[in-house]
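Engineer: What follows is a single structure, and I will ask about it in a moment.
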Amino acid sequence: MTDAIDKLNGIIWSPALVFLCLGAGVFFTLATAFLQIRCIPDMIKQLRQGEKSDNGISSFQSLMISLAGRVGVGNIAGVATAIAFGGPGAVFWMWAVALLGSATSFIECTLAQVYKEKDRDTGEYRGGPAYYIEKAYKHTIWAPLWLVYAIIFAICMILATSYFLPGIQANGVAVAVENAWNVSPTVSALVLAVLLGSIIMGGVKRIANFATLVVPVMAVVYIIFAIIILLVNFDQIPHVFGLIFKSAFDKEAMFSGMLGSAIMWGVKRGVYSNEAGQGTGPQSAAAAEVSHPAKQGFVQAFAVYVDTLFVCSATAFIIISTDMYKVFDGESEDGAVRYAGSLPSDVSVGPGFVQSGMDSFWPGFGPTFVAVAIAFFAFTTVLAYYYMAEVNFTYLNRWVQNPTARKAIIGLLRALVIISVYIGATTTPGEAWALGDIGVGATAWLNILAIIILQVPAHKCLWDYRKQKKAGLDPQFDPEALGIKNADFWVERKREREALAAQPEPQEQQAQ
C-alpha cells in the first residue's frame with residue numbers, strides 16, 4: 001500500500017504539475033498585462049479600505065485566513081529543503097514563481113467572488129473552485145459534466161483538508177513543543193483540540209478574527225528576527241544576494257551544474273508554499289465583502305507576495321547569511337555534499353537549518369524560537385484547512401434538504417477535524433503526508449485546468465474595474481452588463497439595491 005501511495009503521489013506531483021503551475025502563471029501574467037506589478041497600489045488600498053458585513057468578512061480578514069493556510073511549516077522546512085537540494089539559486093526561482101503565481105491567484109480568486117453565494121443556514125458567503133467550476137458554464141449543454149467535475153474537486157479537497165493534513169500539522173506542533181520544552185504529545189494534543197474546537201465552533205467569523213489577530217503578529221515577528229540577523233551580519237548582505245543571483249543562473253563555481261536542480265526545487269517549493277493555482281485561496285476569497293470581485297482578486301494576489309517574498313525570504317536570509325546550510329548532489333542527503341558551510345555535522349535538512357542560524361545569533365534560542373514559530377504557523381494552517389473542508393462540505397450539503405441534517409453533517413466534520421488533530425499529535429503521521437499531498441495535488445490539477453478554461457469572466461472583471469476606476473468611480477459589479485451568466489448573488493444584490501434606492505425618503509413619505 002505504501003509503495004502504491006508513493007507512486008501515485010509521484011505521478012500527481014510530477015514535474016508536469018510544476019510546469020503547469022509555472023506555465024499558467026506566465027500565461028495569466030501576459031494576459032493581464034502584468035497586473036501583479038501594475039496594480040500593487042490597488043492591492044494596498046483594498047487592504048486598508050475593505051468592507052465587511054454581517055454576512056461577509058473584510059478583505060484583510062480574508063487575506064489572513066488565506067495566509068493562515070499558505071504560511072505554514074513549509075515556509076521553514078520547505079525553504080531549507082529547496083536550498084539543500086537546489087542550492088541558494090533556488091531562492092531566486094521561488095521569487096520568480098511568486099511573481100508569476102500572483103497573476104494566477106488573481107484569476108482564481110476573482111472567479112470565486114463572481115460565483116459566490118450565501119449559505120442558506122448561516123448567511124455567510126461561500127465560494128471557491130467547486131462553485132465556479134459548476135456555475136461558469138451552467139447555462140450550456142456541458143453543465144452536467146462541469147457539475148461532476150465540481151463534485152470531484154470538492155471530494156478531493158475534503159479528503160485532504162478534513163483529516164490527513166490537519167493531523168500532520170498537529171504532529172509538527174507536538175514534536176516541536178516536546179523537543180523545546182519536553183511537553184508530552186498527549187498534553188499538546190488536548191490543548192490543540194480544545195483550542196481548535198473553541199474557534200471552529202464559531203464559524204468563519206471567529207476563524208477570521210483569530211487569524212487576523214495571530215497571523216500578522218507571527219509573520220512580522222519572524223521577519224523582524226530575520227532582518228535583525230541580516231543586519232548583525234551586515235557585511236554578508238552583498239554576498240547573500242550575489243550568491244542567490246549567481247547560482248540561480250549557474251555562475252557560481254561551487255554550484256556549477258546545478259541550474260536544473262535550482263529551477264526545479266525553487267519552482268516546486270515556491271508553488272507548494274504560495275499555493276497559487278492549487279484552489280485553496282479562493283475559498284477564503286469568496287467570504288470577503290466587496291463591491292467588485294476584482295478588489296478581492298487584488299488582495300489575494302498580494303497574499304502570494306507576503307508568503308514567498310516576505311516569509312520564505314526571511315527563512316532564506318537566516319540560513320544563508322549565517323552560513324548554516326548544506327547543499328547536496330541529487331535529491332537526498334545520500335548525495336555528495338557540494339557545500340557544507342558552518343552547519344554542524346549532525347543537523348539534517350529541514351528546520352534544523354533555521355535553528356542553527358538562530359543559535360549562531362543567540363545561543364540556545366534556536367530550538368525555542370523555531371518551536372514557537374512552527375506551533376503558530378501549523379495551528380493557523382489547521383484552521384485554514386478546516387475552513388476549506390467546511391466550504392466544500394457546504395457545497396455538497398446543498399443537495400441535503402433538511403436543515404437539521406445539514407447542521408449535523410457540519411458538526412460531524414468539526415468533530416472529525418478535532419479527532420484528526422488529537423490523533424495526529426500523538427502518533428507518527430506515516431502515510432498521511434502522502435495521502436494529503438495526493439488530495440491537494442489532485443485539486444491543483446483540477447483547478448488550474450479549470451481556470452484556464454473558465455478565465456474569461458475574471459478578465460472581464462479586471463477590464464470593468466479599470467474602466468470604472470478611470471472614470472473616478474468606486475467600482476461596482478454588474479454581471480449582466482458584462483454578459484457574465486449565473487452570477488446569481490450579484491444579480492440579486494443589484495436588484496435589492498435598486499429597490500432600496502427607489503424607496504422614497506422619509507421626508508417625502510411625511511409630505512405625502
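In the C-alpha cells, each chain is lettered A, B, ... as it comes, each chain's residues begin at 1, and ligands are numbered from 1 in order of appearance.
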With stretch 69-91 of chain A as the partner and 6 Å as the cut-off, tabulate the residues of stretch 353-378 of chain A that qualify, each row holding the nearest pair of atoms and their distance in Å to one decimal, using only C-alpha atoms, sorted by chain and rising number, as JSON lines.
Structural biologist:
{"residue": "A:Ile374", "atom": "CA", "partner": "A:Val73", "partner_atom": "CA", "distance": 5.9}
{"residue": "A:Phe377", "atom": "CA", "partner": "A:Gly72", "partner_atom": "CA", "distance": 4.6}
{"residue": "A:Ala378", "atom": "CA", "partner": "A:Gly72", "partner_atom": "CA", "distance": 5.4}
Engineer: Which residues come within 8 Å of A:Ile318, counting only C-alpha atoms, excluding same-chain residues fewer than 5 positions away, as a ChimeraX atom specification?
Structural biologist: /A:226,229-230,354,357-358
Engineer: Please report, as number ranges by chain, each residue of stretch 130-172 of chain A to which DSSP assigns alpha helix (DSSP H) when run on this structure's backbone.
Structural biologist: A: 130-135, 143-159, 165-172
Engineer: Using only C-alpha atoms, find the one residue out of A:Val97, A:Ala4, A:Leu165, A:Val421 that sits nearest to A:Gly266.
Structural biologist: A:Val97
Engineer: Would you pick out the contacts of A:Gln401 at 12 Å or less, using only C-alpha atoms, so that residues sharing its chain but fewer than 5 positions from it are not included, and give the list as a list in words?
Structural biologist: Arg120, Asp121, Leu396, Arg406 and Lys407 of chain A
Engineer: Keeping only C-alpha atoms, take the residues you just selected and write them out as a PDB file, in the first residue's frame.
Structural biologist:
ATOM      1  CA  ARG A 120     -28.805  29.218   3.371  1.00  0.00           C
ATOM      2  CA  ASP A 121     -28.250  28.190   7.002  1.00  0.00           C
ATOM      3  CA  LEU A 396     -22.133  19.134  -1.242  1.00  0.00           C
ATOM      4  CA  ARG A 406     -27.099  19.815   7.140  1.00  0.00           C
ATOM      5  CA  LYS A 407     -26.066  21.163  10.539  1.00  0.00           C
TER       6      LYS A 407
END
Engineer: Rank nothing, just name the residue among A:Leu449, A:Ile237, A:Val175, A:Val221 nearest to A:Ala189, using only C-alpha atoms.
Structural biologist: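 That would be A:Val175, the residue with the smallest distance to A:Ala189.
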Engineer: Using atom CA of A:Met43 and atom CA of A:Cys109 as the two end points, give the distance in Å to one decimal.
Structural biologist: 13.3 Å
Engineer: Which residue gives the smallest distance to A:Phe328 among A:Val349, A:Val114, A:Ala130, A:Leu159, with only C-alpha atoms counted?
Structural biologist: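 Nearest to A:Phe328: A:Val349.
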Engineer: Within 9 Å of A:Asp323, counting only C-alpha atoms, which residues show up once you throw out same-chain ones fewer than 2 positions away? Write them as JSON, numbers by chain, please.
Structural biologist: {"A": [318, 319, 320, 321, 325, 326, 340, 341, 342, 343, 357]}
Engineer: Nearest residue to A:Trp13 out of A:Ser284, A:Thr443, A:Gln49, A:Gln476, using only C-alpha atoms?
Structural biologist: A:Thr443
Engineer: Neighbouring residues of A:Ile200 were defined as those with any atom within 9 Å, considering only C-alpha atoms; residues of the same chain fewer than 3 positions away were excluded. Please report them as a list in words.
Structural biologist: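 Near A:Ile200, the qualifying residues are Leu195, Leu196, Gly197, Gly203, Val204, Arg206, Ile207, Leu383, Tyr386, Tyr387 and Arg414 of chain A.
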Engineer: With only C-alpha atoms as the atoms that count, which of A:Val271, A:Met324, A:Val191, A:Leu454 lies nearest to A:Phe361?
Structural biologist: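 Using only C-alpha atoms, the shortest distance to A:Phe361 belongs to A:Met324.
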Engineer: Smallest atom-to-atom distance to A:Ala375: which of A:Leu145, A:Met254, A:Ala170, A:Val217, using only C-alpha atoms?
Structural biologist: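 Answer, going by the shortest atom-to-atom distance: A:Ala170.
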Engineer: Can you list every residue in stretch 77-259 of chain A that DSSP puts in strand (DSSP E or B), as a PyMOL selection string?
Structural biologist: chain A and resi 117-118+125-126
Engineer: Hey, can you spit out that residue selection with C-alpha atoms as an mmCIF file, in the first residue's frame?
Structural biologist:
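So the final result, stored in again-v1.cif, reads:
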data_model
loop_
_atom_site.group_PDB
_atom_site.id
_atom_site.type_symbol
_atom_site.label_atom_id
_atom_site.label_comp_id
_atom_site.auth_asym_id
_atom_site.auth_seq_id
_atom_site.Cartn_x
_atom_site.Cartn_y
_atom_site.Cartn_z
ATOM 1 C CA GLU A 117 -23.399 32.511 -2.878
ATOM 2 C CA LYS A 118 -24.962 32.827 0.572
ATOM 3 C CA TYR A 125 -20.657 33.853 1.850
ATOM 4 C CA ARG A 126 -19.438 30.617 0.295
#
Engineer: What does the distance between atom CA of A:Phe298 and atom CA of A:Phe106 come to in Å, to one decimal place?
Structural biologist: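 Atom CA of A:Phe106 lies 6.0 Å from atom CA of A:Phe298.
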Engineer: Applying 12 Å and only C-alpha atoms, which residues near A:Pro475 remain after dropping the ones on its own chain fewer than 4 positions away? List them as a count of residues only.
Structural biologist: 19
Engineer: Write out as a PDB file with C-alpha atoms, in the first residue's frame each polymer residue whose atoms come within 12 Å of A:Ala481, counting only C-alpha atoms; drop sequence neighbours fewer than 4 positions from it.
Structural biologist:
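Heads up, here's the output in result39.pdb:
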ATOM      1  CA  PRO A 457     -15.186  36.316 -16.505  1.00  0.00           C
ATOM      2  CA  LYS A 460     -13.973  40.962 -17.838  1.00  0.00           C
ATOM      3  CA  CYS A 461     -13.918  41.906 -14.157  1.00  0.00           C
ATOM      4  CA  ASP A 464     -14.552  46.609 -15.891  1.00  0.00           C
ATOM      5  CA  GLN A 476     -19.491  48.271  -8.537  1.00  0.00           C
ATOM      6  CA  PHE A 477     -20.073  44.890 -10.152  1.00  0.00           C
ATOM      7  CA  LYS A 485     -24.136  34.468 -16.594  1.00  0.00           C
ATOM      8  CA  ALA A 487     -23.552  35.146 -11.057  1.00  0.00           C
ATOM      9  CA  TRP A 490     -24.565  39.721  -7.660  1.00  0.00           C
ATOM     10  CA  VAL A 491     -27.748  39.920  -9.747  1.00  0.00           C
ATOM     11  CA  LYS A 494     -28.149  44.670  -7.576  1.00  0.00           C
TER      12      LYS A 494
END
